[in-house]
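Enquirer: Right, I'll just put the structure down here and ask away after.
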Number of protein chains: 2
Amino acid sequence: MVYRFTDSVPYLLNRAGVALGERFTRRIASYGVTLPMYRVLAVLRQSGTKTLGDLSELVSVELSTLSRLISLMVKRGLVTRIRPPENARIVLIDVTPKGADLADELMQIAMHFEDTLISNLDKDQVDILKTLLCQINQQVEKL
Amino acid sequence: MVYRFTDSVPYLLNRAGVALGERFTRRIASYGVTLPMYRVLAVLRQSGTKTLGDLSELVSVELSTLSRLISLMVKRGLVTRIRPPENARIVLIDVTPKGADLADELMQIAMHFEDTLISNLDKDQVDILKTLLCQINQQVEKL
DNA sequence: ACTTAACTTTTGCATTTGCAAATGTTGTTT
DNA sequence: AAACAACATTTGCAAATGCAAAAGTTAAGT
């Protein structure tokens with residue numbers, strides 16, 4: 001059995017991810033938001049306040065990159081960045097009301113994306129897809 | 001049914017893709033090769049000479065970015081860049097013998113990655129995974 | 001208390017990226 | 001054959017990225 005690079009999981013994963021990302025980026029560009037920004041807003045909207053480190057983990061963006069991205073988002077009034085006095089080495093990020101509204105709007109679009117994406121796929125198969133993607137994430141630790 | 005961002009296909013896809021990419025990047029760093037470089041080598045090794053445009057499509061790297069990446073790879077003796085006289089507006093990229101050897105070596109590592117990645121997954125499920133990733137790619141066109 | 005270690009974020013700097021415009025080539029129209 | 005459109009790649013430039021080092025804060029050891 002020969003190894004076919006273009007049939008490998010990492011290749012297909014990247015391909016689908018990039019294609020999807022590009023589409024969504026273009027779709028939300030008119031809102032003045034980039035894909036990483038959307039991810040930040042969506043995570044915060046879903047689970048509330050997060051430290052920078054946790055957020056970095058959750059949105060798969062490197063810490064230093066995220067730090068600067070947050071600076072930009074603060075400047076645009078989408079999120080707040082607070083150093084709590086009781087523990088001044090962490091930074092807490094949260095959405096502003098404006099950011100929350102925007103997040104809701106964008107998540108509507110994302111929902112629609114998801115719908116068309118899996119529209120002609122088996123419900124069971126989509127479940128398998130999601131489960132496997134999660135498992136891959138765990139397996140990656142062992143590599 | 002509420003929309004949970006962190007359960008969405010794009011999110012999980014990105015997460016797995018980034019995690020996998022980071023690991024592999026670190027794994028191959030000692031060979032002086034980046035992930036996009038590996039992808040270029042692997043595609044060329046698998047399917048032979050390609051135009052820059054086709055290659056861009058195959059490795060999911062934007063044309064201008066790829067153009068510069070290829071310049072670097074040419075300088076390092078990994079690939080060749082030829083403008084065929086019979087059609088001088090295209091550029092043909094191919095691996096050098098050195099590039100081919102490196103590609104083989106790296107693909108061994110990639111094979112091993114794939115093995116551990118899907119080691120405790122169902123064979124049938126992996127097939128579904130791959131199929132769905134391909135279908136997602138096609139569906140993306142409709143978004 | 002003082003030093004050292006551990007934790008979290010930010011910054012410096014070089015590299016990579018992506019869009020738009022420019023370049024060069026072929027094909028088509030008149 | 002000149003002008004124009006279509007095709008394929010490259011380049012300019014601003015923004016994003018990633019690593020390593022720095023900075024600031026808390027915790028632990030002596």
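Residues in the structure tokens are named by chain (A, B, ... in the order shown) and by number from 1 within that chain; ligands are numbered from 1 in the order shown.
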Can you check which residues of chain C have any atom within 9 Å of chain B? Use only C-alpha atoms (C1' of nucleotides) and format it as a PDB file with C-alpha atoms (C1' of nucleotides), in the first residue's frame.
Expert:
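To be explicit, this is the file written out as iface13.pdb:
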ATOM      1  C1'  DT C  16       5.500  35.159   5.670  1.00  0.00           C
ATOM      2  C1'  DT C  17       1.251  36.421   3.847  1.00  0.00           C
ATOM      3  C1'  DG C  18      -2.343  38.518   0.703  1.00  0.00           C
ATOM      4  C1'  DG C  24       5.248  39.451 -19.758  1.00  0.00           C
ATOM      5  C1'  DT C  25       3.116  36.105 -23.045  1.00  0.00           C
ATOM      6  C1'  DT C  26      -0.325  34.160 -26.120  1.00  0.00           C
TER       7       DT C  26
END
Enquirer: The coordinates of chain A, once least-squares superposed on chain B over all sequentially paired C-alpha atoms, should be supplied as a PDB file with C-alpha atoms, in the first residue's frame.
Expert:
ATOM      1  CA  MET A   1     -31.239  23.855  18.702  1.00  0.00           C
ATOM      2  CA  VAL A   2     -28.662  26.490  19.518  1.00  0.00           C
ATOM      3  CA  TYR A   3     -25.540  27.077  17.506  1.00  0.00           C
ATOM      4  CA  ARG A   4     -22.370  26.202  19.369  1.00  0.00           C
ATOM      5  CA  PHE A   5     -19.408  27.721  17.653  1.00  0.00           C
ATOM      6  CA  THR A   6     -16.920  25.325  19.194  1.00  0.00           C
ATOM      7  CA  ASP A   7     -18.937  22.376  17.898  1.00  0.00           C
ATOM      8  CA  SER A   8     -19.095  23.702  14.359  1.00  0.00           C
ATOM      9  CA  VAL A   9     -17.326  21.940  11.533  1.00  0.00           C
ATOM     10  CA  PRO A  10     -15.156  24.917  10.526  1.00  0.00           C
ATOM     11  CA  TYR A  11     -13.959  25.397  14.091  1.00  0.00           C
ATOM     12  CA  LEU A  12     -13.091  21.746  14.647  1.00  0.00           C
ATOM     13  CA  LEU A  13     -11.483  21.562  11.238  1.00  0.00           C
ATOM     14  CA  ASN A  14      -9.276  24.543  11.899  1.00  0.00           C
ATOM     15  CA  ARG A  15      -8.375  23.341  15.356  1.00  0.00           C
ATOM     16  CA  ALA A  16      -7.289  19.915  14.179  1.00  0.00           C
ATOM     17  CA  GLY A  17      -5.506  21.368  11.176  1.00  0.00           C
ATOM     18  CA  VAL A  18      -3.523  23.896  13.170  1.00  0.00           C
ATOM     19  CA  ALA A  19      -2.559  21.406  15.856  1.00  0.00           C
ATOM     20  CA  LEU A  20      -1.447  18.873  13.286  1.00  0.00           C
ATOM     21  CA  GLY A  21       0.429  21.481  11.285  1.00  0.00           C
ATOM     22  CA  GLU A  22       2.309  22.764  14.296  1.00  0.00           C
ATOM     23  CA  ARG A  23       3.447  19.306  15.286  1.00  0.00           C
ATOM     24  CA  PHE A  24       4.596  18.401  11.841  1.00  0.00           C
ATOM     25  CA  THR A  25       6.337  21.727  11.385  1.00  0.00           C
ATOM     26  CA  ARG A  26       8.387  21.109  14.497  1.00  0.00           C
ATOM     27  CA  ARG A  27       9.078  17.560  13.485  1.00  0.00           C
ATOM     28  CA  ILE A  28      10.545  18.510  10.093  1.00  0.00           C
ATOM     29  CA  ALA A  29      12.227  21.756  11.164  1.00  0.00           C
ATOM     30  CA  SER A  30      15.580  20.019  11.548  1.00  0.00           C
ATOM     31  CA  TYR A  31      15.506  19.235   7.835  1.00  0.00           C
ATOM     32  CA  GLY A  32      15.413  22.972   7.138  1.00  0.00           C
ATOM     33  CA  VAL A  33      11.974  22.672   5.628  1.00  0.00           C
ATOM     34  CA  THR A  34       8.721  24.429   6.430  1.00  0.00           C
ATOM     35  CA  LEU A  35       5.265  22.880   6.126  1.00  0.00           C
ATOM     36  CA  PRO A  36       4.372  24.638   2.859  1.00  0.00           C
ATOM     37  CA  MET A  37       7.713  23.514   1.440  1.00  0.00           C
ATOM     38  CA  TYR A  38       6.967  19.950   2.400  1.00  0.00           C
ATOM     39  CA  ARG A  39       3.582  20.148   0.734  1.00  0.00           C
ATOM     40  CA  VAL A  40       5.150  21.400  -2.471  1.00  0.00           C
ATOM     41  CA  LEU A  41       7.742  18.636  -2.453  1.00  0.00           C
ATOM     42  CA  ALA A  42       5.175  15.960  -1.677  1.00  0.00           C
ATOM     43  CA  VAL A  43       2.767  17.030  -4.413  1.00  0.00           C
ATOM     44  CA  LEU A  44       5.502  17.239  -7.029  1.00  0.00           C
ATOM     45  CA  ARG A  45       6.939  13.918  -5.936  1.00  0.00           C
ATOM     46  CA  GLN A  46       3.544  12.308  -6.188  1.00  0.00           C
ATOM     47  CA  SER A  47       2.286  13.768  -9.463  1.00  0.00           C
ATOM     48  CA  GLY A  48       5.325  15.244 -11.193  1.00  0.00           C
ATOM     49  CA  THR A  49       5.788  18.592 -12.913  1.00  0.00           C
ATOM     50  CA  LYS A  50       3.161  21.244 -12.277  1.00  0.00           C
ATOM     51  CA  THR A  51       2.569  24.812 -13.295  1.00  0.00           C
ATOM     52  CA  LEU A  52       2.680  27.385 -10.553  1.00  0.00           C
ATOM     53  CA  GLY A  53      -1.052  27.905 -10.759  1.00  0.00           C
ATOM     54  CA  ASP A  54      -1.876  24.228 -10.478  1.00  0.00           C
ATOM     55  CA  LEU A  55       0.562  23.844  -7.635  1.00  0.00           C
ATOM     56  CA  SER A  56      -1.024  26.766  -5.839  1.00  0.00           C
ATOM     57  CA  GLU A  57      -4.377  25.053  -6.131  1.00  0.00           C
ATOM     58  CA  LEU A  58      -3.018  21.715  -4.985  1.00  0.00           C
ATOM     59  CA  VAL A  59      -1.173  22.942  -1.921  1.00  0.00           C
ATOM     60  CA  SER A  60      -3.720  25.600  -0.940  1.00  0.00           C
ATOM     61  CA  VAL A  61      -1.159  28.377  -0.993  1.00  0.00           C
ATOM     62  CA  GLU A  62      -1.883  31.742  -2.567  1.00  0.00           C
ATOM     63  CA  LEU A  63      -0.122  32.333  -5.878  1.00  0.00           C
ATOM     64  CA  SER A  64       2.087  35.235  -4.914  1.00  0.00           C
ATOM     65  CA  THR A  65       3.116  33.506  -1.721  1.00  0.00           C
ATOM     66  CA  LEU A  66       3.928  30.359  -3.613  1.00  0.00           C
ATOM     67  CA  SER A  67       5.895  32.258  -6.244  1.00  0.00           C
ATOM     68  CA  ARG A  68       8.203  33.545  -3.552  1.00  0.00           C
ATOM     69  CA  LEU A  69       8.345  30.215  -1.771  1.00  0.00           C
ATOM     70  CA  ILE A  70       9.454  28.564  -5.000  1.00  0.00           C
ATOM     71  CA  SER A  71      12.187  31.187  -5.399  1.00  0.00           C
ATOM     72  CA  LEU A  72      13.505  30.156  -2.025  1.00  0.00           C
ATOM     73  CA  MET A  73      13.266  26.456  -2.814  1.00  0.00           C
ATOM     74  CA  VAL A  74      15.070  26.957  -6.113  1.00  0.00           C
ATOM     75  CA  LYS A  75      17.826  28.759  -4.263  1.00  0.00           C
ATOM     76  CA  ARG A  76      18.087  25.775  -1.938  1.00  0.00           C
ATOM     77  CA  GLY A  77      18.231  23.368  -4.830  1.00  0.00           C
ATOM     78  CA  LEU A  78      15.004  21.552  -4.010  1.00  0.00           C
ATOM     79  CA  VAL A  79      13.000  22.383  -7.131  1.00  0.00           C
ATOM     80  CA  THR A  80      13.482  23.761 -10.634  1.00  0.00           C
ATOM     81  CA  ARG A  81      11.509  26.540 -12.273  1.00  0.00           C
ATOM     82  CA  ILE A  82      11.339  26.440 -16.047  1.00  0.00           C
ATOM     83  CA  ARG A  83       9.587  28.683 -18.555  1.00  0.00           C
ATOM     84  CA  PRO A  84       8.991  26.402 -21.519  1.00  0.00           C
ATOM     85  CA  PRO A  85       9.751  28.183 -24.845  1.00  0.00           C
ATOM     86  CA  GLU A  86       6.642  26.739 -26.464  1.00  0.00           C
ATOM     87  CA  ASN A  87       4.490  28.533 -23.906  1.00  0.00           C
ATOM     88  CA  ALA A  88       6.431  31.165 -22.096  1.00  0.00           C
ATOM     89  CA  ARG A  89       3.667  32.482 -19.927  1.00  0.00           C
ATOM     90  CA  ILE A  90       3.528  29.435 -17.726  1.00  0.00           C
ATOM     91  CA  VAL A  91       6.161  28.275 -15.320  1.00  0.00           C
ATOM     92  CA  LEU A  92       6.819  24.616 -14.710  1.00  0.00           C
ATOM     93  CA  ILE A  93       7.976  23.509 -11.299  1.00  0.00           C
ATOM     94  CA  ASP A  94       9.598  20.179 -10.627  1.00  0.00           C
ATOM     95  CA  VAL A  95      11.654  18.558  -7.895  1.00  0.00           C
ATOM     96  CA  THR A  96      15.381  18.135  -8.266  1.00  0.00           C
ATOM     97  CA  PRO A  97      16.949  14.791  -7.330  1.00  0.00           C
ATOM     98  CA  LYS A  98      17.924  16.382  -4.035  1.00  0.00           C
ATOM     99  CA  GLY A  99      14.346  17.553  -3.531  1.00  0.00           C
ATOM    100  CA  ALA A 100      13.038  14.115  -4.390  1.00  0.00           C
ATOM    101  CA  ASP A 101      15.253  12.439  -1.822  1.00  0.00           C
ATOM    102  CA  LEU A 102      14.187  14.906   0.803  1.00  0.00           C
ATOM    103  CA  ALA A 103      10.538  14.437  -0.149  1.00  0.00           C
ATOM    104  CA  ASP A 104      10.874  10.679   0.285  1.00  0.00           C
ATOM    105  CA  GLU A 105      12.441  11.104   3.680  1.00  0.00           C
ATOM    106  CA  LEU A 106       9.779  13.541   4.848  1.00  0.00           C
ATOM    107  CA  MET A 107       6.947  11.441   3.502  1.00  0.00           C
ATOM    108  CA  GLN A 108       8.217   8.591   5.641  1.00  0.00           C
ATOM    109  CA  ILE A 109       7.708  10.799   8.647  1.00  0.00           C
ATOM    110  CA  ALA A 110       4.309  11.858   7.371  1.00  0.00           C
ATOM    111  CA  MET A 111       3.309   8.212   6.965  1.00  0.00           C
ATOM    112  CA  HIS A 112       4.273   7.582  10.529  1.00  0.00           C
ATOM    113  CA  PHE A 113       2.261  10.609  11.585  1.00  0.00           C
ATOM    114  CA  GLU A 114      -0.754   9.338   9.748  1.00  0.00           C
ATOM    115  CA  ASP A 115      -0.386   5.920  11.320  1.00  0.00           C
ATOM    116  CA  THR A 116      -0.355   7.146  14.903  1.00  0.00           C
ATOM    117  CA  LEU A 117      -3.042   9.620  14.065  1.00  0.00           C
ATOM    118  CA  ILE A 118      -5.540   7.023  12.973  1.00  0.00           C
ATOM    119  CA  SER A 119      -4.099   4.164  15.033  1.00  0.00           C
ATOM    120  CA  ASN A 120      -7.009   3.893  17.409  1.00  0.00           C
ATOM    121  CA  LEU A 121      -9.675   4.898  14.946  1.00  0.00           C
ATOM    122  CA  ASP A 122     -11.983   2.680  12.980  1.00  0.00           C
ATOM    123  CA  LYS A 123     -10.857   2.030   9.421  1.00  0.00           C
ATOM    124  CA  ASP A 124     -14.418   2.604   8.197  1.00  0.00           C
ATOM    125  CA  GLN A 125     -14.642   5.845  10.097  1.00  0.00           C
ATOM    126  CA  VAL A 126     -11.404   7.129   8.658  1.00  0.00           C
ATOM    127  CA  ASP A 127     -12.802   6.457   5.211  1.00  0.00           C
ATOM    128  CA  ILE A 128     -15.866   8.480   6.091  1.00  0.00           C
ATOM    129  CA  LEU A 129     -13.656  11.239   7.426  1.00  0.00           C
ATOM    130  CA  LYS A 130     -11.687  11.460   4.203  1.00  0.00           C
ATOM    131  CA  THR A 131     -14.758  11.273   2.040  1.00  0.00           C
ATOM    132  CA  LEU A 132     -16.474  14.010   3.976  1.00  0.00           C
ATOM    133  CA  LEU A 133     -13.437  16.262   3.853  1.00  0.00           C
ATOM    134  CA  CYS A 134     -13.453  15.914   0.083  1.00  0.00           C
ATOM    135  CA  GLN A 135     -17.156  16.591  -0.098  1.00  0.00           C
ATOM    136  CA  ILE A 136     -16.787  19.655   2.064  1.00  0.00           C
ATOM    137  CA  ASN A 137     -14.251  20.947  -0.390  1.00  0.00           C
ATOM    138  CA  GLN A 138     -16.777  20.627  -3.165  1.00  0.00           C
ATOM    139  CA  GLN A 139     -19.579  22.097  -1.118  1.00  0.00           C
ATOM    140  CA  VAL A 140     -17.452  25.128  -0.334  1.00  0.00           C
ATOM    141  CA  GLU A 141     -17.847  26.207  -3.942  1.00  0.00           C
ATOM    142  CA  LYS A 142     -21.529  26.725  -3.324  1.00  0.00           C
ATOM    143  CA  LEU A 143     -21.088  28.992  -0.309  1.00  0.00           C
TER     144      LEU A 143
END
Enquirer: Can you tell me which residues surround C:DA6 at a distance of at most 12 Å, considering only C-alpha atoms (C1' of nucleotides), apart from same-chain residues fewer than 3 positions away, and format the answer as a list in words?
Expert: Arg89 of chain A; DT25, DT26, DA27 and DA28 of chain D
Enquirer: Take the residues from that selection and put them in a file with N, CA and C atoms (P, O5', C5', C4', C3', O3' and C1' of nucleotides), as an mmCIF file, in the first residue's frame.
Expert:
data_model
loop_
_atom_site.group_PDB
_atom_site.id
_atom_site.type_symbol
_atom_site.label_atom_id
_atom_site.label_comp_id
_atom_site.auth_asym_id
_atom_site.auth_seq_id
_atom_site.Cartn_x
_atom_site.Cartn_y
_atom_site.Cartn_z
ATOM 1 N N ARG A 89 -1.137 39.288 36.900
ATOM 2 C CA ARG A 89 -0.309 38.780 35.792
ATOM 3 C C ARG A 89 -1.160 38.216 34.664
ATOM 4 P P DT D 25 3.360 44.721 37.439
ATOM 5 O "O5'" DT D 25 3.073 43.254 37.969
ATOM 6 C "C5'" DT D 25 2.018 42.516 37.367
ATOM 7 C "C4'" DT D 25 1.978 41.134 37.969
ATOM 8 C "C3'" DT D 25 1.897 41.107 39.495
ATOM 9 O "O3'" DT D 25 0.703 40.435 39.857
ATOM 10 C "C1'" DT D 25 3.480 39.548 38.676
ATOM 11 P P DT D 26 0.288 40.356 41.414
ATOM 12 O "O5'" DT D 26 0.741 38.872 41.787
ATOM 13 C "C5'" DT D 26 0.008 37.784 41.232
ATOM 14 C "C4'" DT D 26 0.751 36.503 41.505
ATOM 15 C "C3'" DT D 26 0.749 36.042 42.963
ATOM 16 O "O3'" DT D 26 0.190 34.741 42.993
ATOM 17 C "C1'" DT D 26 2.913 35.875 42.024
ATOM 18 P P DA D 27 -0.043 33.976 44.362
ATOM 19 O "O5'" DA D 27 1.165 32.933 44.388
ATOM 20 C "C5'" DA D 27 1.402 32.114 43.248
ATOM 21 C "C4'" DA D 27 2.583 31.206 43.538
ATOM 22 C "C3'" DA D 27 2.605 30.644 44.961
ATOM 23 O "O3'" DA D 27 2.952 29.260 44.889
ATOM 24 C "C1'" DA D 27 4.624 31.790 44.531
ATOM 25 P P DA D 28 3.086 28.354 46.194
ATOM 26 O "O5'" DA D 28 4.634 27.990 46.243
ATOM 27 C "C5'" DA D 28 5.443 28.151 45.090
ATOM 28 C "C4'" DA D 28 6.881 27.757 45.420
ATOM 29 C "C3'" DA D 28 7.070 27.009 46.731
ATOM 30 O "O3'" DA D 28 8.092 26.042 46.526
ATOM 31 C "C1'" DA D 28 8.213 29.082 46.848
#
Enquirer: Between atom C1' of C:DT23 and atom C1' of D:DC13, what distance in Å does the model show, to one decimal?
Expert: 16.8 Å
Enquirer: Contacts from chain D to chain A, 10 Å maximum, only C-alpha atoms (C1' of nucleotides): show me the residue list as number ranges by chain.
Expert: D: 16-19, 24-26
Enquirer: Those same residues, written as a tab-separated table (two decimals), in the first residue's frame with C-alpha atoms (C1' of nucleotides)?
Expert:
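Final output, again06.tsv:
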chain	number	residue	atom	x	y	z
D	16	DA	C1'	-0.12	39.32	9.94
D	17	DT	C1'	2.70	35.75	11.93
D	18	DG	C1'	6.04	33.25	15.03
D	19	DC	C1'	9.98	32.77	17.69
D	24	DG	C1'	5.76	42.32	35.03
D	25	DT	C1'	3.48	39.55	38.68
D	26	DT	C1'	2.91	35.87	42.02
Enquirer: Select from chain B everything DSSP, run on the backbone, classes as alpha helix (DSSP H), then give the selection as an mmCIF file with C-alpha atoms, in the first residue's frame.
Expert:
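Result saved to states33.cif:
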data_model
loop_
_atom_site.group_PDB
_atom_site.id
_atom_site.type_symbol
_atom_site.label_atom_id
_atom_site.label_comp_id
_atom_site.auth_asym_id
_atom_site.auth_seq_id
_atom_site.Cartn_x
_atom_site.Cartn_y
_atom_site.Cartn_z
ATOM 1 C CA VAL B 9 -17.329 21.940 11.553
ATOM 2 C CA PRO B 10 -15.157 24.919 10.557
ATOM 3 C CA TYR B 11 -13.942 25.382 14.108
ATOM 4 C CA LEU B 12 -13.080 21.734 14.653
ATOM 5 C CA LEU B 13 -11.497 21.557 11.234
ATOM 6 C CA ASN B 14 -9.283 24.533 11.888
ATOM 7 C CA ARG B 15 -8.363 23.334 15.338
ATOM 8 C CA ALA B 16 -7.280 19.909 14.164
ATOM 9 C CA GLY B 17 -5.513 21.340 11.150
ATOM 10 C CA VAL B 18 -3.513 23.880 13.135
ATOM 11 C CA ALA B 19 -2.550 21.394 15.828
ATOM 12 C CA LEU B 20 -1.443 18.861 13.258
ATOM 13 C CA GLY B 21 0.426 21.458 11.253
ATOM 14 C CA GLU B 22 2.310 22.756 14.268
ATOM 15 C CA ARG B 23 3.444 19.291 15.266
ATOM 16 C CA PHE B 24 4.592 18.382 11.826
ATOM 17 C CA THR B 25 6.327 21.721 11.361
ATOM 18 C CA ARG B 26 8.391 21.110 14.485
ATOM 19 C CA ARG B 27 9.079 17.553 13.461
ATOM 20 C CA ILE B 28 10.536 18.513 10.083
ATOM 21 C CA LEU B 35 5.251 22.888 6.100
ATOM 22 C CA PRO B 36 4.345 24.644 2.833
ATOM 23 C CA MET B 37 7.693 23.525 1.435
ATOM 24 C CA TYR B 38 6.946 19.961 2.392
ATOM 25 C CA ARG B 39 3.557 20.152 0.727
ATOM 26 C CA VAL B 40 5.134 21.409 -2.472
ATOM 27 C CA LEU B 41 7.731 18.649 -2.451
ATOM 28 C CA ALA B 42 5.167 15.970 -1.677
ATOM 29 C CA VAL B 43 2.769 17.035 -4.414
ATOM 30 C CA LEU B 44 5.513 17.241 -7.020
ATOM 31 C CA ARG B 45 6.955 13.920 -5.931
ATOM 32 C CA GLN B 46 3.565 12.314 -6.182
ATOM 33 C CA SER B 47 2.325 13.751 -9.461
ATOM 34 C CA LEU B 52 2.692 27.368 -10.578
ATOM 35 C CA GLY B 53 -1.046 27.876 -10.813
ATOM 36 C CA ASP B 54 -1.859 24.197 -10.519
ATOM 37 C CA LEU B 55 0.559 23.824 -7.657
ATOM 38 C CA SER B 56 -1.046 26.747 -5.879
ATOM 39 C CA GLU B 57 -4.384 25.033 -6.184
ATOM 40 C CA LEU B 58 -3.030 21.692 -5.014
ATOM 41 C CA VAL B 59 -1.201 22.934 -1.938
ATOM 42 C CA LEU B 63 -0.161 32.312 -5.948
ATOM 43 C CA SER B 64 2.039 35.224 -4.968
ATOM 44 C CA THR B 65 3.062 33.510 -1.768
ATOM 45 C CA LEU B 66 3.881 30.352 -3.657
ATOM 46 C CA SER B 67 5.851 32.256 -6.271
ATOM 47 C CA ARG B 68 8.156 33.547 -3.562
ATOM 48 C CA LEU B 69 8.301 30.221 -1.794
ATOM 49 C CA ILE B 70 9.424 28.580 -5.003
ATOM 50 C CA SER B 71 12.159 31.193 -5.406
ATOM 51 C CA LEU B 72 13.469 30.171 -2.021
ATOM 52 C CA MET B 73 13.238 26.481 -2.808
ATOM 53 C CA VAL B 74 15.056 26.979 -6.100
ATOM 54 C CA LYS B 75 17.822 28.779 -4.238
ATOM 55 C CA PRO B 97 16.975 14.804 -7.299
ATOM 56 C CA LYS B 98 17.932 16.397 -4.007
ATOM 57 C CA GLY B 99 14.359 17.553 -3.514
ATOM 58 C CA ALA B 100 13.051 14.129 -4.372
ATOM 59 C CA ASP B 101 15.270 12.449 -1.797
ATOM 60 C CA LEU B 102 14.187 14.919 0.818
ATOM 61 C CA ALA B 103 10.539 14.446 -0.146
ATOM 62 C CA ASP B 104 10.881 10.689 0.287
ATOM 63 C CA GLU B 105 12.435 11.114 3.676
ATOM 64 C CA LEU B 106 9.780 13.546 4.843
ATOM 65 C CA MET B 107 6.950 11.447 3.503
ATOM 66 C CA GLN B 108 8.196 8.591 5.644
ATOM 67 C CA ILE B 109 7.691 10.804 8.644
ATOM 68 C CA ALA B 110 4.302 11.856 7.363
ATOM 69 C CA MET B 111 3.311 8.214 6.948
ATOM 70 C CA HIS B 112 4.256 7.583 10.527
ATOM 71 C CA PHE B 113 2.259 10.604 11.580
ATOM 72 C CA GLU B 114 -0.773 9.336 9.749
ATOM 73 C CA ASP B 115 -0.377 5.910 11.311
ATOM 74 C CA THR B 116 -0.354 7.118 14.888
ATOM 75 C CA LEU B 117 -3.042 9.614 14.072
ATOM 76 C CA ILE B 118 -5.539 7.010 12.981
ATOM 77 C CA LYS B 123 -10.882 2.057 9.433
ATOM 78 C CA ASP B 124 -14.429 2.618 8.191
ATOM 79 C CA GLN B 125 -14.685 5.847 10.074
ATOM 80 C CA VAL B 126 -11.446 7.152 8.651
ATOM 81 C CA ASP B 127 -12.821 6.475 5.192
ATOM 82 C CA ILE B 128 -15.891 8.485 6.072
ATOM 83 C CA LEU B 129 -13.687 11.241 7.403
ATOM 84 C CA LYS B 130 -11.705 11.474 4.193
ATOM 85 C CA THR B 131 -14.791 11.293 2.028
ATOM 86 C CA LEU B 132 -16.498 14.025 3.976
ATOM 87 C CA LEU B 133 -13.459 16.275 3.845
ATOM 88 C CA CYS B 134 -13.498 15.945 0.077
ATOM 89 C CA GLN B 135 -17.207 16.623 -0.089
ATOM 90 C CA ILE B 136 -16.810 19.668 2.090
ATOM 91 C CA ASN B 137 -14.298 20.976 -0.385
ATOM 92 C CA GLN B 138 -16.831 20.658 -3.148
ATOM 93 C CA GLN B 139 -19.627 22.142 -1.074
ATOM 94 C CA VAL B 140 -17.484 25.157 -0.306
#
